[in-house]
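Printed here is coords17.cif (mmCIF, N, CA and C atoms and all ligand atoms):
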```
data_my_file
#
loop_
_atom_site.label_atom_id
_atom_site.label_comp_id
_atom_site.auth_asym_id
_atom_site.auth_seq_id
_atom_site.Cartn_x
_atom_site.Cartn_y
_atom_site.Cartn_z
N MET A 1 -4.93 26.28 3.91
CA MET A 1 -4.03 25.36 3.22
C MET A 1 -4.60 25.04 1.85
N THR A 2 -3.75 24.99 0.85
CA THR A 2 -4.17 24.72 -0.51
C THR A 2 -4.39 23.23 -0.71
N ASP A 3 -5.51 22.89 -1.35
CA ASP A 3 -5.82 21.49 -1.64
C ASP A 3 -4.95 21.01 -2.81
N PRO A 4 -4.20 19.91 -2.64
CA PRO A 4 -3.35 19.43 -3.72
C PRO A 4 -4.13 19.11 -4.99
N PHE A 5 -5.38 18.68 -4.87
CA PHE A 5 -6.18 18.40 -6.06
C PHE A 5 -6.43 19.68 -6.85
N ASP A 6 -6.63 20.79 -6.14
CA ASP A 6 -6.81 22.07 -6.82
C ASP A 6 -5.53 22.50 -7.52
N LEU A 7 -4.41 22.30 -6.85
CA LEU A 7 -3.13 22.68 -7.47
C LEU A 7 -2.90 21.92 -8.77
N ALA A 8 -3.24 20.64 -8.79
CA ALA A 8 -3.01 19.82 -9.98
C ALA A 8 -4.21 19.85 -10.93
N ARG A 9 -5.25 20.56 -10.54
CA ARG A 9 -6.50 20.61 -11.31
C ARG A 9 -7.02 19.19 -11.57
N ALA A 10 -6.85 18.35 -10.57
CA ALA A 10 -7.29 16.95 -10.67
C ALA A 10 -8.77 16.84 -10.30
N ARG A 11 -9.46 15.98 -10.97
CA ARG A 11 -10.87 15.70 -10.68
C ARG A 11 -11.02 14.19 -10.51
N PRO A 12 -10.57 13.66 -9.36
CA PRO A 12 -10.60 12.20 -9.18
C PRO A 12 -12.03 11.67 -9.09
N GLU A 13 -12.18 10.43 -9.52
CA GLU A 13 -13.45 9.71 -9.38
C GLU A 13 -13.71 9.53 -7.88
N PRO A 14 -14.92 9.17 -7.51
CA PRO A 14 -15.21 8.99 -6.08
C PRO A 14 -14.33 7.93 -5.42
N ALA A 15 -14.07 8.14 -4.15
CA ALA A 15 -13.26 7.20 -3.38
C ALA A 15 -14.03 5.90 -3.15
N PHE A 16 -13.29 4.85 -2.86
CA PHE A 16 -13.89 3.56 -2.51
C PHE A 16 -13.15 3.00 -1.30
N THR A 17 -13.66 1.90 -0.78
CA THR A 17 -13.11 1.34 0.45
C THR A 17 -12.36 0.04 0.18
N VAL A 18 -11.20 -0.10 0.82
CA VAL A 18 -10.47 -1.36 0.88
C VAL A 18 -10.22 -1.62 2.36
N THR A 19 -9.61 -2.75 2.68
CA THR A 19 -9.30 -3.00 4.09
C THR A 19 -7.82 -3.29 4.27
N LEU A 20 -7.30 -2.86 5.41
CA LEU A 20 -5.95 -3.20 5.85
C LEU A 20 -6.10 -3.96 7.15
N ASP A 21 -5.80 -5.24 7.13
CA ASP A 21 -5.96 -6.10 8.32
C ASP A 21 -7.35 -5.93 8.93
N GLY A 22 -8.35 -5.81 8.04
CA GLY A 22 -9.73 -5.73 8.48
C GLY A 22 -10.24 -4.33 8.76
N ARG A 23 -9.34 -3.36 8.76
CA ARG A 23 -9.72 -1.96 9.02
C ARG A 23 -10.00 -1.25 7.70
N ASP A 24 -11.09 -0.50 7.64
CA ASP A 24 -11.44 0.22 6.41
C ASP A 24 -10.44 1.33 6.12
N ILE A 25 -10.03 1.40 4.84
CA ILE A 25 -9.14 2.46 4.34
C ILE A 25 -9.80 3.02 3.09
N GLU A 26 -9.76 4.32 2.93
CA GLU A 26 -10.32 4.94 1.74
C GLU A 26 -9.24 5.05 0.66
N ALA A 27 -9.63 4.79 -0.59
CA ALA A 27 -8.68 4.88 -1.71
C ALA A 27 -9.35 5.57 -2.88
N LEU A 28 -8.52 6.16 -3.74
CA LEU A 28 -9.02 6.79 -4.96
C LEU A 28 -8.68 5.90 -6.16
N PRO A 29 -9.50 5.92 -7.20
CA PRO A 29 -9.20 5.13 -8.40
C PRO A 29 -7.80 5.47 -8.93
N GLY A 30 -7.04 4.45 -9.25
CA GLY A 30 -5.69 4.63 -9.77
C GLY A 30 -4.62 4.70 -8.70
N GLN A 31 -5.01 4.80 -7.46
CA GLN A 31 -4.03 4.85 -6.38
C GLN A 31 -3.38 3.48 -6.18
N THR A 32 -2.09 3.50 -5.90
CA THR A 32 -1.43 2.24 -5.53
C THR A 32 -1.75 1.93 -4.07
N VAL A 33 -1.46 0.71 -3.69
CA VAL A 33 -1.64 0.32 -2.29
C VAL A 33 -0.81 1.24 -1.39
N ALA A 34 0.45 1.47 -1.78
CA ALA A 34 1.32 2.31 -0.95
C ALA A 34 0.76 3.72 -0.80
N ALA A 35 0.27 4.31 -1.86
CA ALA A 35 -0.26 5.67 -1.79
C ALA A 35 -1.46 5.73 -0.85
N ALA A 36 -2.33 4.74 -0.93
CA ALA A 36 -3.50 4.75 -0.06
C ALA A 36 -3.10 4.55 1.40
N LEU A 37 -2.10 3.69 1.64
CA LEU A 37 -1.66 3.47 3.01
C LEU A 37 -0.99 4.72 3.57
N TRP A 38 -0.19 5.37 2.78
CA TRP A 38 0.43 6.62 3.24
C TRP A 38 -0.64 7.66 3.57
N THR A 39 -1.62 7.76 2.68
CA THR A 39 -2.71 8.73 2.91
C THR A 39 -3.42 8.43 4.22
N ALA A 40 -3.49 7.15 4.57
CA ALA A 40 -4.16 6.74 5.81
C ALA A 40 -3.21 6.84 7.02
N GLY A 41 -1.98 7.27 6.78
CA GLY A 41 -1.04 7.44 7.87
C GLY A 41 -0.25 6.18 8.21
N VAL A 42 -0.31 5.18 7.35
CA VAL A 42 0.41 3.93 7.59
C VAL A 42 1.70 3.96 6.77
N THR A 43 2.85 3.87 7.43
CA THR A 43 4.12 3.95 6.71
C THR A 43 4.93 2.65 6.79
N SER A 44 4.47 1.69 7.57
CA SER A 44 5.17 0.41 7.68
C SER A 44 4.14 -0.70 7.69
N TRP A 45 4.36 -1.76 6.87
CA TRP A 45 3.36 -2.83 6.79
C TRP A 45 3.99 -4.21 6.59
N ARG A 46 5.28 -4.30 6.80
CA ARG A 46 5.94 -5.60 6.69
C ARG A 46 7.06 -5.62 7.71
N THR A 47 7.40 -6.84 8.21
CA THR A 47 8.57 -6.98 9.04
C THR A 47 9.51 -7.98 8.38
N THR A 48 10.81 -7.77 8.59
CA THR A 48 11.81 -8.62 7.94
C THR A 48 11.85 -10.01 8.58
N ARG A 49 12.38 -10.98 7.81
CA ARG A 49 12.45 -12.36 8.29
C ARG A 49 13.31 -12.51 9.52
N GLY A 50 14.55 -12.03 9.47
CA GLY A 50 15.51 -12.28 10.54
C GLY A 50 15.20 -11.57 11.84
N GLU A 51 15.10 -10.28 11.79
CA GLU A 51 15.01 -9.49 13.02
C GLU A 51 13.68 -8.81 13.22
N GLY A 52 12.74 -9.03 12.30
CA GLY A 52 11.42 -8.44 12.47
C GLY A 52 11.41 -6.93 12.39
N ARG A 53 12.30 -6.37 11.59
CA ARG A 53 12.37 -4.91 11.47
C ARG A 53 11.27 -4.40 10.54
N PRO A 54 10.75 -3.21 10.84
CA PRO A 54 9.65 -2.68 10.03
C PRO A 54 10.10 -2.22 8.65
N ARG A 55 9.23 -2.43 7.67
CA ARG A 55 9.51 -1.99 6.30
C ARG A 55 8.25 -1.41 5.68
N GLY A 56 8.48 -0.49 4.73
CA GLY A 56 7.40 0.13 3.95
C GLY A 56 7.99 0.49 2.60
N VAL A 57 7.68 1.67 2.09
CA VAL A 57 8.23 2.10 0.80
C VAL A 57 9.67 2.58 0.98
N PHE A 58 10.54 2.14 0.08
CA PHE A 58 11.91 2.66 0.03
C PHE A 58 12.15 3.33 -1.32
N CYS A 59 12.13 2.55 -2.41
CA CYS A 59 12.39 3.15 -3.73
C CYS A 59 11.13 3.78 -4.35
N GLY A 60 10.00 3.15 -4.14
CA GLY A 60 8.75 3.65 -4.71
C GLY A 60 8.56 3.38 -6.18
N ILE A 61 9.47 2.59 -6.78
CA ILE A 61 9.37 2.33 -8.22
C ILE A 61 9.48 0.84 -8.56
N GLY A 62 9.29 -0.04 -7.58
CA GLY A 62 9.25 -1.47 -7.87
C GLY A 62 10.58 -2.17 -7.93
N VAL A 63 11.64 -1.54 -7.46
CA VAL A 63 12.98 -2.13 -7.58
C VAL A 63 13.45 -2.83 -6.31
N CYS A 64 13.19 -2.25 -5.14
CA CYS A 64 13.83 -2.73 -3.91
C CYS A 64 13.09 -3.87 -3.20
N PHE A 65 11.83 -4.05 -3.45
CA PHE A 65 11.00 -5.09 -2.82
C PHE A 65 10.86 -4.91 -1.31
N ASP A 66 11.09 -3.72 -0.80
CA ASP A 66 10.90 -3.46 0.63
C ASP A 66 9.42 -3.37 0.99
N CYS A 67 8.57 -3.06 0.05
CA CYS A 67 7.17 -2.70 0.34
C CYS A 67 6.21 -3.90 0.23
N LEU A 68 6.73 -5.11 0.30
CA LEU A 68 5.89 -6.29 0.10
C LEU A 68 4.78 -6.40 1.15
N LEU A 69 3.63 -6.85 0.68
CA LEU A 69 2.50 -7.16 1.56
C LEU A 69 1.59 -8.14 0.83
N THR A 70 0.50 -8.50 1.49
CA THR A 70 -0.41 -9.49 0.93
C THR A 70 -1.67 -8.79 0.44
N VAL A 71 -2.01 -9.04 -0.83
CA VAL A 71 -3.20 -8.43 -1.44
C VAL A 71 -4.15 -9.54 -1.87
N ASN A 72 -5.33 -9.56 -1.33
CA ASN A 72 -6.34 -10.57 -1.66
C ASN A 72 -5.79 -11.99 -1.56
N GLY A 73 -5.04 -12.24 -0.48
CA GLY A 73 -4.50 -13.57 -0.23
C GLY A 73 -3.21 -13.89 -0.95
N ARG A 74 -2.72 -13.01 -1.80
CA ARG A 74 -1.47 -13.25 -2.54
C ARG A 74 -0.33 -12.50 -1.85
N PRO A 75 0.61 -13.22 -1.20
CA PRO A 75 1.72 -12.56 -0.52
C PRO A 75 2.73 -11.98 -1.50
N ASN A 76 3.59 -11.13 -0.97
CA ASN A 76 4.73 -10.58 -1.72
C ASN A 76 4.36 -9.72 -2.91
N GLN A 77 3.29 -8.95 -2.76
CA GLN A 77 2.92 -7.97 -3.79
C GLN A 77 3.59 -6.65 -3.45
N ARG A 78 4.11 -5.97 -4.46
CA ARG A 78 4.78 -4.69 -4.23
C ARG A 78 3.75 -3.57 -4.12
N ALA A 79 3.64 -3.03 -2.92
CA ALA A 79 2.63 -2.00 -2.64
C ALA A 79 2.79 -0.77 -3.51
N CYS A 80 4.03 -0.49 -3.93
CA CYS A 80 4.26 0.72 -4.72
C CYS A 80 3.82 0.56 -6.17
N LEU A 81 3.50 -0.67 -6.59
CA LEU A 81 3.12 -0.90 -7.98
C LEU A 81 1.67 -1.35 -8.15
N VAL A 82 1.08 -1.98 -7.14
CA VAL A 82 -0.24 -2.59 -7.29
C VAL A 82 -1.34 -1.52 -7.14
N PRO A 83 -2.15 -1.34 -8.20
CA PRO A 83 -3.27 -0.40 -8.07
C PRO A 83 -4.41 -1.06 -7.30
N LEU A 84 -5.08 -0.26 -6.49
CA LEU A 84 -6.19 -0.78 -5.68
C LEU A 84 -7.48 -0.85 -6.48
N ARG A 85 -8.33 -1.80 -6.10
CA ARG A 85 -9.68 -1.92 -6.65
C ARG A 85 -10.64 -1.97 -5.47
N PRO A 86 -11.87 -1.54 -5.69
CA PRO A 86 -12.82 -1.55 -4.58
C PRO A 86 -12.92 -2.94 -3.94
N GLY A 87 -12.89 -2.96 -2.61
CA GLY A 87 -13.05 -4.20 -1.87
C GLY A 87 -11.78 -4.99 -1.67
N ASP A 88 -10.65 -4.53 -2.20
CA ASP A 88 -9.40 -5.27 -2.00
C ASP A 88 -9.12 -5.45 -0.50
N ALA A 89 -8.58 -6.62 -0.16
CA ALA A 89 -8.22 -6.92 1.22
C ALA A 89 -6.70 -6.97 1.33
N ILE A 90 -6.15 -5.97 2.01
CA ILE A 90 -4.70 -5.85 2.19
C ILE A 90 -4.35 -6.38 3.57
N ARG A 91 -3.24 -7.13 3.63
CA ARG A 91 -2.78 -7.62 4.93
C ARG A 91 -1.31 -7.28 5.09
N THR A 92 -0.96 -6.85 6.31
CA THR A 92 0.45 -6.67 6.60
C THR A 92 1.13 -8.03 6.51
N GLN A 93 2.44 -8.02 6.36
CA GLN A 93 3.14 -9.28 6.11
C GLN A 93 4.34 -9.42 7.03
N GLU A 94 4.51 -10.63 7.55
CA GLU A 94 5.70 -10.96 8.34
C GLU A 94 6.59 -11.85 7.50
N GLY A 95 7.86 -11.50 7.40
CA GLY A 95 8.83 -12.32 6.66
C GLY A 95 8.41 -12.57 5.23
N THR A 96 8.40 -13.84 4.84
CA THR A 96 8.11 -14.18 3.45
C THR A 96 6.62 -14.14 3.13
N GLY A 97 5.81 -14.06 4.14
CA GLY A 97 4.37 -14.05 3.91
C GLY A 97 3.77 -15.42 3.75
N HIS A 98 4.59 -16.45 3.97
CA HIS A 98 4.11 -17.83 3.84
C HIS A 98 4.02 -18.53 5.19
N GLY A 99 4.05 -17.78 6.26
CA GLY A 99 3.89 -18.36 7.59
C GLY A 99 5.10 -19.12 8.09
N ASP A 100 6.28 -18.88 7.49
CA ASP A 100 7.48 -19.58 7.96
C ASP A 100 8.35 -18.70 8.83
S1 LIG B 1 9.21 0.54 -2.55
FE1 LIG B 1 10.77 -0.46 -3.62
S2 LIG B 1 9.69 -2.07 -4.65
FE2 LIG B 1 8.13 -0.94 -3.67
#
```

Could you rewrite the structure in this file as structure tokens?
Amino acid sequence: MTDPFDLARARPEPAFTVTLDGRDIEALPGQTVAAALWTAGVTSWRTTRGEGRPRGVFCGIGVCFDCLLTVNGRPNQRACLVPLRPGDAIRTQEGTGHGD
């Protein structure tokens, strides 16, 4: 199988670690939260207020707000837009993310 980095001739900086609900996830510099979660096999990280339905990336460009989660204690961050930094603590989110 061809390595996508070879296809793009990409030379990414070394990976670093963030956490998702306390579990270590590897990320590359410049990766968004959503990209790192997808790479880790996580496709859903929020549930809706009313019926608790699973949500993840829908538009991927910051428009739909389906991908909300909590980053370093701040709820309602768009996973498709937020770039990761080493040590970031990501949490899945229920409803509004304010415990209501
Ligand atoms: S996936 Fe639509 S805002 Fe993030």

Check every protein, DNA and RNA residue against ligand LIG 1 (chain B), keep those with an atom at most 7 Å away (counting all atoms listed in the file), and present them as a ChimeraX atom specification.
/A:56-68,78-81

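Pairwise distance (atom CA of A:Leu28, atom N of A:Ala15) equals 5.3 Å.
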
Separation of atom CA of A:Thr2 and atom N of A:Thr39, in Å?
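Those two atoms sit 17.4 Å apart.
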
Restricting the calculation to only C-alpha atoms: of A:Asp21, A:Glu51, A:Glu26, A:Glu94, which residue gets closest to A:Val71?
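Ranking A:Asp21, A:Glu51, A:Glu26, A:Glu94 by distance to A:Val71, first place goes to A:Asp21.
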
All strand (DSSP E) positions in chain A, as a ChimeraX atom specification:
/A:16-20,23-27,46-47,54-55,68-71,74-78,89-91,93-94

Shell around A:Gly97 at 7 Å using all atoms listed in the file, local window under 4 positions removed, as a VMD selection string
chain A and resid 75 to 76 93

Could you pull out all residues of chain A with a DSSP call of helix (DSSP H, G or I) and give them as a CSV table (one decimal) with N, CA and C atoms, in the frame of the given file?
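Once written, selection_35.csv looks like this:
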```
chain,number,residue,atom,x,y,z
A,4,PRO,N,-4.2,19.9,-2.6
A,4,PRO,CA,-3.4,19.4,-3.7
A,4,PRO,C,-4.1,19.1,-5.0
A,5,PHE,N,-5.4,18.7,-4.9
A,5,PHE,CA,-6.2,18.4,-6.1
A,5,PHE,C,-6.4,19.7,-6.8
A,6,ASP,N,-6.6,20.8,-6.1
A,6,ASP,CA,-6.8,22.1,-6.8
A,6,ASP,C,-5.5,22.5,-7.5
A,7,LEU,N,-4.4,22.3,-6.8
A,7,LEU,CA,-3.1,22.7,-7.5
A,7,LEU,C,-2.9,21.9,-8.8
A,8,ALA,N,-3.2,20.6,-8.8
A,8,ALA,CA,-3.0,19.8,-10.0
A,8,ALA,C,-4.2,19.8,-10.9
A,33,VAL,N,-1.5,0.7,-3.7
A,33,VAL,CA,-1.6,0.3,-2.3
A,33,VAL,C,-0.8,1.2,-1.4
A,34,ALA,N,0.4,1.5,-1.8
A,34,ALA,CA,1.3,2.3,-1.0
A,34,ALA,C,0.8,3.7,-0.8
A,35,ALA,N,0.3,4.3,-1.9
A,35,ALA,CA,-0.3,5.7,-1.8
A,35,ALA,C,-1.5,5.7,-0.8
A,36,ALA,N,-2.3,4.7,-0.9
A,36,ALA,CA,-3.5,4.8,-0.1
A,36,ALA,C,-3.1,4.6,1.4
A,37,LEU,N,-2.1,3.7,1.6
A,37,LEU,CA,-1.7,3.5,3.0
A,37,LEU,C,-1.0,4.7,3.6
A,38,TRP,N,-0.2,5.4,2.8
A,38,TRP,CA,0.4,6.6,3.2
A,38,TRP,C,-0.6,7.7,3.6
A,39,THR,N,-1.6,7.8,2.7
A,39,THR,CA,-2.7,8.7,2.9
A,39,THR,C,-3.4,8.4,4.2
```
